[in-house]
$ cat entry.cif   # mmCIF, C-alpha atoms
data_model
#
loop_
_atom_site.group_PDB
_atom_site.id
_atom_site.type_symbol
_atom_site.label_atom_id
_atom_site.label_comp_id
_atom_site.auth_asym_id
_atom_site.auth_seq_id
_atom_site.Cartn_x
_atom_site.Cartn_y
_atom_site.Cartn_z
ATOM 1 C CA MET L 1 20.886 -7.664 4.659
ATOM 2 C CA ARG L 2 22.181 -6.036 7.838
ATOM 3 C CA ARG L 3 20.915 -4.943 11.221
ATOM 4 C CA VAL L 4 20.754 -1.151 11.495
ATOM 5 C CA SER L 5 19.301 1.707 13.509
ATOM 6 C CA TYR L 6 17.141 4.162 11.618
ATOM 7 C CA GLN L 7 15.602 7.516 12.565
ATOM 8 C CA GLY L 8 15.381 6.679 16.254
ATOM 9 C CA TRP L 9 14.492 3.024 15.746
ATOM 10 C CA GLN L 10 17.295 0.905 17.214
ATOM 11 C CA ASN L 11 16.249 -2.510 15.909
ATOM 12 C CA CYS L 12 15.765 -2.558 12.127
ATOM 13 C CA VAL L 13 16.803 -4.742 9.209
ATOM 14 C CA GLU L 14 18.010 -3.191 5.953
ATOM 15 C CA LEU L 15 17.853 -4.837 2.551
ATOM 16 C CA SER L 16 19.810 -3.176 -0.248
ATOM 17 C CA ASN L 17 21.118 -3.783 -3.737
ATOM 18 C CA SER L 18 22.884 -1.516 -6.204
ATOM 19 C CA ALA L 19 19.651 0.412 -6.839
ATOM 20 C CA VAL L 20 17.485 0.732 -3.722
ATOM 21 C CA GLU L 21 17.361 0.461 0.051
ATOM 22 C CA LEU L 22 14.509 -0.963 2.138
ATOM 23 C CA VAL L 23 14.299 -0.793 5.939
ATOM 24 C CA LEU L 24 12.047 -3.130 7.919
ATOM 25 C CA LEU L 25 11.202 -2.363 11.551
ATOM 26 C CA ALA L 26 11.707 -5.139 14.105
ATOM 27 C CA GLU L 27 10.740 -3.182 17.237
ATOM 28 C CA VAL L 28 7.107 -2.952 16.109
ATOM 29 C CA GLY L 29 5.083 -3.941 13.102
ATOM 30 C CA PRO L 30 5.296 -5.618 10.723
ATOM 31 C CA ARG L 31 6.198 -2.321 9.082
ATOM 32 C CA ILE L 32 8.447 -1.203 6.202
ATOM 33 C CA ILE L 33 9.610 2.283 7.155
ATOM 34 C CA ARG L 34 11.889 3.134 4.197
ATOM 35 C CA PHE L 35 12.021 2.389 0.471
ATOM 36 C CA GLY L 36 14.024 4.553 -1.901
ATOM 37 C CA PHE L 37 16.954 4.868 -4.252
ATOM 38 C CA ARG L 38 20.291 4.340 -2.523
ATOM 39 C CA GLY L 39 21.415 7.513 -0.787
ATOM 40 C CA GLU L 40 18.308 9.431 -1.876
ATOM 41 C CA MET L 41 15.002 10.454 -0.311
ATOM 42 C CA ASN L 42 12.598 8.033 1.302
ATOM 43 C CA GLU L 43 9.530 7.543 -0.880
ATOM 44 C CA LEU L 44 7.535 6.555 2.203
ATOM 45 C CA ARG L 45 6.190 9.063 4.711
ATOM 46 C CA GLU L 46 7.658 8.603 8.161
ATOM 47 C CA PHE L 47 7.007 10.309 11.481
ATOM 48 C CA PRO L 48 10.305 10.256 13.430
ATOM 49 C CA ASP L 49 8.646 11.945 16.415
ATOM 50 C CA LEU L 50 6.437 8.868 16.814
ATOM 51 C CA THR L 51 9.206 6.326 17.290
ATOM 52 C CA GLU L 52 8.485 6.140 21.007
ATOM 53 C CA GLN L 53 6.277 3.242 21.983
ATOM 54 C CA GLY L 54 3.815 5.569 23.721
ATOM 55 C CA ALA L 55 0.691 4.016 25.161
ATOM 56 C CA LYS L 56 0.892 0.262 24.574
ATOM 57 C CA ASP L 57 -2.867 -0.040 24.284
ATOM 58 C CA ARG L 58 -3.158 2.489 21.423
ATOM 59 C CA TRP L 59 -2.462 2.151 17.710
ATOM 60 C CA HIS L 60 0.226 4.588 16.472
ATOM 61 C CA LEU L 61 0.540 5.944 12.923
ATOM 62 C CA ARG L 62 4.359 5.936 12.560
ATOM 63 C CA GLY L 63 4.289 5.931 8.734
ATOM 64 C CA GLY L 64 5.673 3.530 6.147
ATOM 65 C CA HIS L 65 3.957 0.422 4.779
ATOM 66 C CA ARG L 66 1.854 -1.883 6.931
ATOM 67 C CA LEU L 67 -0.537 -4.840 6.734
ATOM 68 C CA TRP L 68 -4.164 -4.611 7.836
ATOM 69 C CA HIS L 69 -7.275 -6.668 7.228
ATOM 70 C CA ALA L 70 -10.495 -5.296 5.766
ATOM 71 C CA PRO L 71 -13.327 -4.328 6.003
ATOM 72 C CA GLU L 72 -12.273 -1.409 8.193
ATOM 73 C CA ASP L 73 -13.663 -1.434 11.709
ATOM 74 C CA ILE L 74 -12.773 1.009 14.465
ATOM 75 C CA VAL L 75 -12.115 -1.865 16.894
ATOM 76 C CA ARG L 76 -10.778 -4.689 14.727
ATOM 77 C CA THR L 77 -8.653 -2.627 12.358
ATOM 78 C CA TYR L 78 -6.849 -0.463 14.890
ATOM 79 C CA VAL L 79 -5.418 -3.244 17.026
ATOM 80 C CA PRO L 80 -2.074 -1.884 18.359
ATOM 81 C CA ASP L 81 1.084 -3.203 16.675
ATOM 82 C CA ASN L 82 3.438 -2.015 19.411
ATOM 83 C CA ASP L 83 5.218 -5.287 20.152
ATOM 84 C CA PRO L 84 8.460 -6.538 18.567
ATOM 85 C CA VAL L 85 8.165 -8.736 15.492
ATOM 86 C CA GLU L 86 10.278 -11.787 14.745
ATOM 87 C CA VAL L 87 12.422 -11.200 11.665
ATOM 88 C CA THR L 88 13.897 -14.364 10.163
ATOM 89 C CA ASP L 89 16.244 -14.730 7.201
ATOM 90 C CA HIS L 90 15.013 -17.271 4.646
ATOM 91 C CA GLY L 91 17.852 -16.714 2.198
ATOM 92 C CA SER L 92 15.903 -15.209 -0.667
ATOM 93 C CA PHE L 93 13.601 -13.153 1.569
ATOM 94 C CA LEU L 94 13.051 -11.818 5.076
ATOM 95 C CA ARG L 95 9.969 -12.781 7.044
ATOM 96 C CA ALA L 96 8.525 -10.473 9.708
ATOM 97 C CA THR L 97 5.994 -12.179 11.989
ATOM 98 C CA GLN L 98 3.782 -10.312 14.421
ATOM 99 C CA PRO L 99 2.466 -11.882 17.638
ATOM 100 C CA VAL L 100 -1.131 -13.053 17.296
ATOM 101 C CA GLU L 101 -3.587 -10.206 17.806
ATOM 102 C CA LYS L 102 -5.377 -10.995 21.062
ATOM 103 C CA THR L 103 -8.658 -9.365 20.064
ATOM 104 C CA THR L 104 -8.919 -10.864 16.551
ATOM 105 C CA GLY L 105 -6.891 -14.086 16.639
ATOM 106 C CA ILE L 106 -5.105 -12.978 13.449
ATOM 107 C CA CYS L 107 -1.346 -13.237 12.931
ATOM 108 C CA LYS L 108 0.215 -10.884 10.354
ATOM 109 C CA GLU L 109 3.330 -11.736 8.356
ATOM 110 C CA MET L 110 5.322 -10.007 5.615
ATOM 111 C CA ASP L 111 7.835 -11.732 3.342
ATOM 112 C CA VAL L 112 10.077 -9.022 1.897
ATOM 113 C CA SER L 113 12.705 -9.304 -0.843
ATOM 114 C CA LEU L 114 14.479 -7.218 -3.460
ATOM 115 C CA ILE L 115 14.406 -8.356 -7.084
ATOM 116 C CA GLY L 116 17.948 -8.785 -8.392
ATOM 117 C CA ASP L 117 19.817 -5.485 -8.725
ATOM 118 C CA ARG L 118 16.770 -3.632 -10.000
ATOM 119 C CA PRO L 119 14.851 -0.915 -8.126
ATOM 120 C CA CYS L 120 12.151 -3.423 -7.294
ATOM 121 C CA ALA L 121 10.835 -5.134 -4.177
ATOM 122 C CA ARG L 122 8.360 -7.929 -3.586
ATOM 123 C CA VAL L 123 6.160 -7.790 -0.483
ATOM 124 C CA LEU L 124 4.079 -10.872 0.270
ATOM 125 C CA HIS L 125 1.406 -10.237 2.914
ATOM 126 C CA ARG L 126 0.029 -13.165 4.899
ATOM 127 C CA LEU L 127 -2.889 -13.312 7.339
ATOM 128 C CA VAL L 128 -3.194 -16.435 9.500
ATOM 129 C CA ASN L 129 -6.291 -17.271 11.505
ATOM 130 C CA ALA L 130 -4.895 -18.482 14.832
ATOM 131 C CA GLY L 131 -8.278 -18.237 16.534
ATOM 132 C CA PRO L 132 -10.939 -20.888 17.221
ATOM 133 C CA TRP L 133 -13.593 -19.627 14.787
ATOM 134 C CA PRO L 134 -13.819 -18.804 11.054
ATOM 135 C CA VAL L 135 -13.035 -15.218 10.063
ATOM 136 C CA GLU L 136 -14.007 -13.444 6.841
ATOM 137 C CA LEU L 137 -11.576 -10.742 5.786
ATOM 138 C CA ALA L 138 -9.471 -9.312 2.981
ATOM 139 C CA PRO L 139 -5.727 -8.521 2.989
ATOM 140 C CA TRP L 140 -5.151 -4.771 2.992
ATOM 141 C CA ALA L 141 -1.799 -3.143 2.138
ATOM 142 C CA PRO L 142 -1.690 0.609 2.929
ATOM 143 C CA THR L 143 1.457 2.534 1.938
ATOM 144 C CA LEU L 144 1.903 5.971 3.490
ATOM 145 C CA LEU L 145 3.762 8.184 0.982
ATOM 146 C CA GLU L 146 5.655 11.452 1.367
ATOM 147 C CA ARG L 147 3.915 14.777 0.844
ATOM 148 C CA GLY L 148 3.653 16.799 -2.348
ATOM 149 C CA GLY L 149 3.015 14.064 -4.894
ATOM 150 C CA LEU L 150 0.253 12.790 -7.150
ATOM 151 C CA ALA L 151 -1.456 9.384 -7.092
ATOM 152 C CA VAL L 152 -2.642 7.749 -10.318
ATOM 153 C CA VAL L 153 -5.270 4.989 -10.516
ATOM 154 C CA ALA L 154 -6.468 3.561 -13.834
ATOM 155 C CA LEU L 155 -10.172 3.279 -14.518
ATOM 156 C CA PRO L 156 -11.509 0.085 -16.111
ATOM 157 C CA SER L 157 -11.420 0.123 -19.892
ATOM 158 C CA ARG L 158 -14.778 1.042 -21.415
ATOM 159 C CA GLY L 159 -16.247 1.272 -24.884
ATOM 160 C CA VAL L 160 -18.717 3.538 -26.615
ATOM 161 C CA ASP L 161 -21.444 1.004 -27.374
ATOM 162 C CA GLN L 162 -24.614 2.707 -26.148
ATOM 163 C CA THR L 163 -26.618 -0.490 -26.593
ATOM 164 C CA ASP L 164 -24.697 -2.068 -23.696
ATOM 165 C CA CYS L 165 -26.732 -1.106 -20.634
ATOM 166 C CA THR L 166 -24.493 -2.766 -18.029
ATOM 167 C CA PRO L 167 -22.295 -0.538 -15.814
ATOM 168 C CA THR L 168 -18.602 -1.371 -15.935
ATOM 169 C CA ALA L 169 -17.063 0.587 -13.048
ATOM 170 C CA THR L 170 -17.757 1.935 -9.576
ATOM 171 C CA ILE L 171 -16.275 4.772 -7.543
ATOM 172 C CA ALA L 172 -16.459 4.388 -3.752
ATOM 173 C CA LEU L 173 -17.014 7.521 -1.676
ATOM 174 C CA TRP L 174 -16.701 7.964 2.085
ATOM 175 C CA PRO L 175 -18.954 10.184 4.232
ATOM 176 C CA TYR L 176 -16.300 12.924 4.189
ATOM 177 C CA THR L 177 -15.403 12.631 0.470
ATOM 178 C CA ASP L 178 -15.941 15.900 -1.411
ATOM 179 C CA MET L 179 -15.801 15.273 -5.151
ATOM 180 C CA SER L 180 -15.393 19.010 -5.803
ATOM 181 C CA ASP L 181 -12.105 19.102 -3.886
ATOM 182 C CA PRO L 182 -9.361 20.360 -6.261
ATOM 183 C CA ARG L 183 -7.053 17.564 -5.105
ATOM 184 C CA PHE L 184 -9.123 15.212 -7.260
ATOM 185 C CA ILE L 185 -8.530 15.059 -11.014
ATOM 186 C CA TRP L 186 -11.375 13.086 -12.590
ATOM 187 C CA GLY L 187 -10.468 11.850 -16.068
ATOM 188 C CA SER L 188 -11.930 9.493 -18.633
ATOM 189 C CA ARG L 189 -9.180 6.887 -18.160
ATOM 190 C CA TYR L 190 -7.640 7.728 -14.786
ATOM 191 C CA VAL L 191 -8.439 9.146 -11.371
ATOM 192 C CA MET L 192 -5.627 11.247 -9.915
ATOM 193 C CA VAL L 193 -5.327 12.526 -6.356
ATOM 194 C CA ARG L 194 -2.892 15.256 -5.343
ATOM 195 C CA GLN L 195 -1.338 15.441 -1.891
ATOM 196 C CA ASP L 196 -1.457 19.058 -0.695
ATOM 197 C CA PRO L 197 0.284 19.824 2.633
ATOM 198 C CA SER L 198 -1.873 22.940 2.999
ATOM 199 C CA ALA L 199 -5.196 21.071 2.672
ATOM 200 C CA ALA L 200 -6.200 19.773 6.074
ATOM 201 C CA ALA L 201 -9.532 18.118 5.239
ATOM 202 C CA PRO L 202 -9.257 14.349 4.651
ATOM 203 C CA GLN L 203 -10.357 12.872 1.330
ATOM 204 C CA LYS L 204 -10.712 9.264 0.241
ATOM 205 C CA VAL L 205 -11.813 7.474 -2.908
ATOM 206 C CA GLY L 206 -11.987 3.837 -3.979
ATOM 207 C CA VAL L 207 -11.742 2.643 -7.581
ATOM 208 C CA ARG L 208 -12.913 -0.646 -9.036
ATOM 209 C CA THR L 209 -9.899 -0.917 -11.319
ATOM 210 C CA ASN L 210 -8.823 -3.981 -13.271
ATOM 211 C CA ALA L 211 -5.448 -2.576 -14.350
ATOM 212 C CA GLY L 212 -3.448 -4.338 -11.628
ATOM 213 C CA TRP L 213 -1.361 -1.266 -10.799
ATOM 214 C CA CYS L 214 -1.429 2.118 -9.120
ATOM 215 C CA ALA L 215 1.300 4.739 -8.846
ATOM 216 C CA TYR L 216 2.527 7.814 -6.988
ATOM 217 C CA TRP L 217 4.624 10.549 -8.585
ATOM 218 C CA ARG L 218 6.784 12.902 -6.537
ATOM 219 C CA GLU L 219 9.795 15.076 -7.466
ATOM 220 C CA GLY L 220 10.465 13.160 -10.673
ATOM 221 C CA HIS L 221 10.248 9.734 -9.038
ATOM 222 C CA LEU L 222 7.465 7.269 -9.812
ATOM 223 C CA PHE L 223 6.556 4.581 -7.291
ATOM 224 C CA VAL L 224 4.471 1.785 -8.842
ATOM 225 C CA LYS L 225 2.581 -0.927 -6.962
ATOM 226 C CA ARG L 226 1.593 -4.024 -8.958
ATOM 227 C CA PHE L 227 -0.911 -6.592 -7.725
ATOM 228 C CA ALA L 228 -3.101 -9.406 -9.039
ATOM 229 C CA HIS L 229 -6.738 -8.563 -9.696
ATOM 230 C CA HIS L 230 -9.453 -11.235 -9.584
ATOM 231 C CA PRO L 231 -12.590 -9.940 -11.342
ATOM 232 C CA ASP L 232 -14.624 -12.995 -10.327
ATOM 233 C CA ARG L 233 -14.015 -12.408 -6.588
ATOM 234 C CA THR L 234 -15.688 -10.054 -4.099
ATOM 235 C CA TYR L 235 -13.669 -7.060 -2.874
ATOM 236 C CA PRO L 236 -14.388 -4.842 0.143
ATOM 237 C CA GLU L 237 -14.914 -1.061 -0.096
ATOM 238 C CA LEU L 238 -17.731 -1.445 -2.659
ATOM 239 C CA GLY L 239 -15.509 -3.646 -4.829
ATOM 240 C CA SER L 240 -12.403 -1.425 -4.781
ATOM 241 C CA PRO L 241 -8.989 -3.111 -5.216
ATOM 242 C CA VAL L 242 -7.405 0.362 -4.833
ATOM 243 C CA THR L 243 -8.253 3.156 -2.416
ATOM 244 C CA VAL L 244 -6.504 6.506 -1.940
ATOM 245 C CA PHE L 245 -6.623 8.538 1.270
ATOM 246 C CA THR L 246 -5.020 11.949 1.736
ATOM 247 C CA ASN L 247 -4.845 14.780 4.238
ATOM 248 C CA SER L 248 -2.257 17.464 4.997
ATOM 249 C CA HIS L 249 0.205 14.948 6.471
ATOM 250 C CA ALA L 250 0.562 12.333 3.717
ATOM 251 C CA LEU L 251 -1.098 10.318 0.974
ATOM 252 C CA GLU L 252 -1.944 6.687 1.514
ATOM 253 C CA LEU L 253 -1.980 4.425 -1.543
ATOM 254 C CA GLU L 254 -3.834 1.291 -0.522
ATOM 255 C CA THR L 255 -4.470 -1.968 -2.361
ATOM 256 C CA LEU L 256 -6.752 -4.753 -1.200
ATOM 257 C CA GLY L 257 -7.124 -8.418 -2.001
ATOM 258 C CA PRO L 258 -10.468 -10.191 -2.394
ATOM 259 C CA MET L 259 -12.523 -11.358 0.577
ATOM 260 C CA ALA L 260 -11.596 -14.764 2.000
ATOM 261 C CA LEU L 261 -13.127 -16.997 4.657
ATOM 262 C CA LEU L 262 -10.351 -18.316 6.887
ATOM 263 C CA GLN L 263 -11.076 -21.414 8.883
ATOM 264 C CA PRO L 264 -9.102 -21.892 12.129
ATOM 265 C CA GLY L 265 -5.500 -22.454 11.092
ATOM 266 C CA GLY L 266 -6.170 -21.160 7.579
ATOM 267 C CA SER L 267 -4.306 -18.349 5.870
ATOM 268 C CA VAL L 268 -4.481 -16.020 2.882
ATOM 269 C CA GLU L 269 -1.597 -14.435 0.950
ATOM 270 C CA TYR L 270 -1.501 -11.257 -1.078
ATOM 271 C CA THR L 271 1.530 -9.941 -3.000
ATOM 272 C CA GLU L 272 2.548 -6.479 -4.154
ATOM 273 C CA THR L 273 5.533 -5.795 -6.402
ATOM 274 C CA TRP L 274 7.071 -2.336 -5.978
ATOM 275 C CA SER L 275 9.073 -0.567 -8.692
ATOM 276 C CA LEU L 276 10.779 2.814 -8.567
ATOM 277 C CA PHE L 277 11.615 4.990 -11.578
ATOM 278 C CA ALA L 278 13.490 8.290 -11.920
ATOM 279 C CA ASP L 279 13.235 11.255 -14.307
ATOM 280 C CA VAL L 280 9.490 10.875 -14.856
ATOM 281 C CA PRO L 281 7.527 13.997 -15.893
ATOM 282 C CA GLU L 282 4.681 15.107 -13.643
ATOM 283 C CA PRO L 283 1.490 13.392 -14.877
ATOM 284 C CA LEU L 284 -0.771 16.425 -14.852
ATOM 285 C CA THR L 285 -2.833 15.192 -17.811
ATOM 286 C CA GLU L 286 -4.096 11.840 -19.002
ATOM 287 C CA SER L 287 -1.926 12.063 -22.108
ATOM 288 C CA VAL L 288 1.180 12.285 -19.897
ATOM 289 C CA VAL L 289 -0.059 9.297 -17.916
ATOM 290 C CA ASP L 290 -0.501 7.387 -21.180
ATOM 291 C CA THR L 291 3.009 8.190 -22.409
ATOM 292 C CA ALA L 292 5.068 8.409 -19.206
ATOM 293 C CA VAL L 293 3.343 6.394 -16.461
ATOM 294 C CA ALA L 294 1.374 3.520 -18.016
ATOM 295 C CA PRO L 295 4.378 2.188 -19.997
ATOM 296 C CA LEU L 296 6.455 2.103 -16.799
ATOM 297 C CA ALA L 297 3.666 0.244 -15.036
ATOM 298 C CA ALA L 298 3.705 -2.275 -17.891
ATOM 299 C CA ALA L 299 7.498 -2.531 -17.582
ATOM 300 C CA ALA L 300 7.100 -3.149 -13.840
ATOM 301 C CA ALA L 301 4.737 -6.006 -14.621
ATOM 302 C CA ALA L 302 7.305 -7.555 -16.945
ATOM 303 C CA GLU L 303 10.014 -7.271 -14.267
ATOM 304 C CA ALA L 304 7.768 -8.857 -11.663
#
$ encode --input "entry.cif" --output "structure tokens"
Amino acid sequence: MRRVSYQGWQNCVELSNSAVELVLLAEVGPRIIRFGFRGEMNELREFPDLTEQGAKDRWHLRGGHRLWHAPEDIVRTYVPDNDPVEVTDHGSFLRATQPVEKTTGICKEMDVSLIGDRPCARVLHRLVNAGPWPVELAPWAPTLLERGGLAVVALPSRGVDQTDCTPTATIALWPYTDMSDPRFIWGSRYVMVRQDPSAAAPQKVGVRTNAGWCAYWREGHLFVKRFAHHPDRTYPELGSPVTVFTNSHALELETLGPMALLQPGGSVEYTETWSLFADVPEPLTESVVDTAVAPLAAAAAAEA
């Protein structure tokens, strides 16, 4: 761990091991702005021209990985995160704590650590209800990823028994979702979404997956997010633990925890484990996903 400046941000904290580097912003946030192999490209999308604070009363995109709470609401969700966060060293992890949001009474925290000398990180997200009334919400972990890649989300396993009349999966669509958009690849076992810098129209899809992982491939690197899935709990976004948003600027790979009712002083935690792999073939077909992506996701689960 060391204090660093990064891409115009003067107050950052870097975690590194022999494999990867992770940079956590302290000027604003909580926000992870970089995660990548040592000395190589950032897997996260960043907007260096947005490092200025700008209007304090507006939410700014900035890039990287952040913590929100769902369901999405134009007022509650986009509370500005323009104030410094407190970053404390707890030995085995760093904790970034945001000031309590004045309009929601919610305090956001991230506990961030690297796992040994492997290309793996653990990000624990915590929402604390510091307000005077109960709040129902779900932890939401959006990761903004660099352009030109391909997201992979596993569909729930299904059989061929035609006597079973119960549906086993849902796909969530937004008002602007166009299922005919060529950025979508609809398979029998996976949904894939391509990020195309030339395609300006936004697209978003949610998947009721029980696989516990999602991934993003770009330039031979595979970024895998692992998370716990609770099939007996209620999830926002029509029951979607994973949602994918894309436009011409980036692709956002988002995971969500189940809904929770927080009493005053109560909190909820939600953990993602990140793994990064190199020399992975582009998963253009489901067979390549089966042979080159799914086994790495399983390996990431074992490492976690």
$ residues_around --input "entry.cif" --residues "range 150-153 of chain L" --least-positions-apart "6" --cutoff "8 Å" --atoms "only C-alpha atoms" --output "PyMOL selection string"
chain L and resi 190-195+207+209+213-218+242+244+253+283
$ atom_distance --input "entry.cif" --atom1 "CA of Ala19 in chain L" --atom2 "CA of Asp279 in chain L"
14.6 Å
$ resolve_selection --input "entry.cif" --expression "the PyMOL selection byres ((chain L and resi 235) around 12)" --output "PyMOL selection string"
chain L and resi 69-71+136-140+170+172+206-210+229-234+236-243+255-260
$ residues_around --input "entry.cif" --residues "Arg122 in chain L" --least-positions-apart "5" --cutoff "12 Å" --atoms "all atoms listed in the file" --output "list in words"
Leu15, Leu22, Ile32, Phe35, Ser92, Phe93, Leu94, Arg95, Met110, Asp111, Val112, Ser113, Leu114, Ile115, Gly116, Val224, Lys225, Arg226, Phe227, Tyr270, Thr271, Glu272, Thr273, Trp274, Ser275, Ala300, Ala301, Glu303 and Ala304 of chain L
$ resolve_selection --input "entry.cif" --expression "the PyMOL selection byres ((chain L and resi 249) around 12)" --output "count of residues only"
29
$ atom_distance --input "entry.cif" --atom1 "CA of His221 in chain L" --atom2 "CA of Leu276 in chain L"
7.0 Å
$ resolve_selection --input "entry.cif" --expression "the PyMOL selection byres ((chain L and resi 187) around 10)" --output "compact mmCIF listing (two decimals) with C-alpha atoms, keeping the file's coordinate frame"
# COMPACT_ATOMS: atom_id res chain seq x y z
CA ALA L 154 -6.47 3.56 -13.83
CA LEU L 155 -10.17 3.28 -14.52
CA PHE L 184 -9.12 15.21 -7.26
CA ILE L 185 -8.53 15.06 -11.01
CA TRP L 186 -11.38 13.09 -12.59
CA SER L 188 -11.93 9.49 -18.63
CA ARG L 189 -9.18 6.89 -18.16
CA TYR L 190 -7.64 7.73 -14.79
CA VAL L 191 -8.44 9.15 -11.37
CA MET L 192 -5.63 11.25 -9.91
CA THR L 285 -2.83 15.19 -17.81
CA GLU L 286 -4.10 11.84 -19.00
$ residues_around --input "entry.cif" --residues "range 73-86 of chain L" --least-positions-apart "5" --cutoff "6 Å" --atoms "all atoms listed in the file" --output "PyMOL selection string"
chain L and resi 26-29+58-59+96-98
$ closest_residue --input "entry.cif" --among "L:Pro281, L:Pro295, L:Gly266, L:Pro182" --to "Gly220 in chain L" --atoms "only C-alpha atoms"
L:Pro281
$ atom_distance --input "entry.cif" --atom1 "CA of Arg118 in chain L" --atom2 "CA of Gly212 in chain L"
20.3 Å
$ closest_residue --input "entry.cif" --among "L:Phe277, L:Phe37, L:Trp133, L:Trp174" --to "Val23 in chain L" --atoms "all atoms listed in the file"
L:Phe37
$ closest_residue --input "entry.cif" --among "L:Asn129, L:Thr88, L:Ser287, L:Ser267" --to "Ile106 in chain L" --atoms "only C-alpha atoms"
L:Asn129
$ closest_residue --input "entry.cif" --among "L:Pro48, L:Cys107, L:Trp9, L:Glu72" --to "Pro264 in chain L" --atoms "only C-alpha atoms"
L:Cys107
$ decode --input "entry.cif" --residues "range 100-125 of chain L" --atoms "C-alpha atoms" --output "PDB file, in the first residue's frame"
ATOM      1  CA  VAL L 100     -23.393  10.000   5.121  1.00  0.00           C
ATOM      2  CA  GLU L 101     -25.571  10.939   2.159  1.00  0.00           C
ATOM      3  CA  LYS L 102     -27.687  13.859   3.355  1.00  0.00           C
ATOM      4  CA  THR L 103     -30.690  13.029   1.184  1.00  0.00           C
ATOM      5  CA  THR L 104     -30.826   9.275   1.924  1.00  0.00           C
ATOM      6  CA  GLY L 105     -29.159   8.820   5.317  1.00  0.00           C
ATOM      7  CA  ILE L 106     -27.019   6.029   3.823  1.00  0.00           C
ATOM      8  CA  CYS L 107     -23.279   5.684   4.419  1.00  0.00           C
ATOM      9  CA  LYS L 108     -21.281   3.733   1.807  1.00  0.00           C
ATOM     10  CA  GLU L 109     -18.123   1.785   2.613  1.00  0.00           C
ATOM     11  CA  MET L 110     -15.750  -0.428   0.627  1.00  0.00           C
ATOM     12  CA  ASP L 111     -13.258  -2.859   2.158  1.00  0.00           C
ATOM     13  CA  VAL L 112     -10.637  -3.591  -0.499  1.00  0.00           C
ATOM     14  CA  SER L 113      -7.845  -6.177  -0.451  1.00  0.00           C
ATOM     15  CA  LEU L 114      -5.660  -8.209  -2.785  1.00  0.00           C
ATOM     16  CA  ILE L 115      -5.563 -11.987  -2.398  1.00  0.00           C
ATOM     17  CA  GLY L 116      -1.993 -13.151  -1.817  1.00  0.00           C
ATOM     18  CA  ASP L 117       0.231 -12.698  -4.874  1.00  0.00           C
ATOM     19  CA  ARG L 118      -2.495 -13.739  -7.288  1.00  0.00           C
ATOM     20  CA  PRO L 119      -4.262 -11.462  -9.792  1.00  0.00           C
ATOM     21  CA  CYS L 120      -7.267 -11.314  -7.507  1.00  0.00           C
ATOM     22  CA  ALA L 121      -8.997  -8.692  -5.385  1.00  0.00           C
ATOM     23  CA  ARG L 122     -11.790  -8.825  -2.841  1.00  0.00           C
ATOM     24  CA  VAL L 123     -14.203  -5.889  -2.628  1.00  0.00           C
ATOM     25  CA  LEU L 124     -16.648  -5.900   0.274  1.00  0.00           C
ATOM     26  CA  HIS L 125     -19.441  -3.338  -0.142  1.00  0.00           C
TER      27      HIS L 125
END
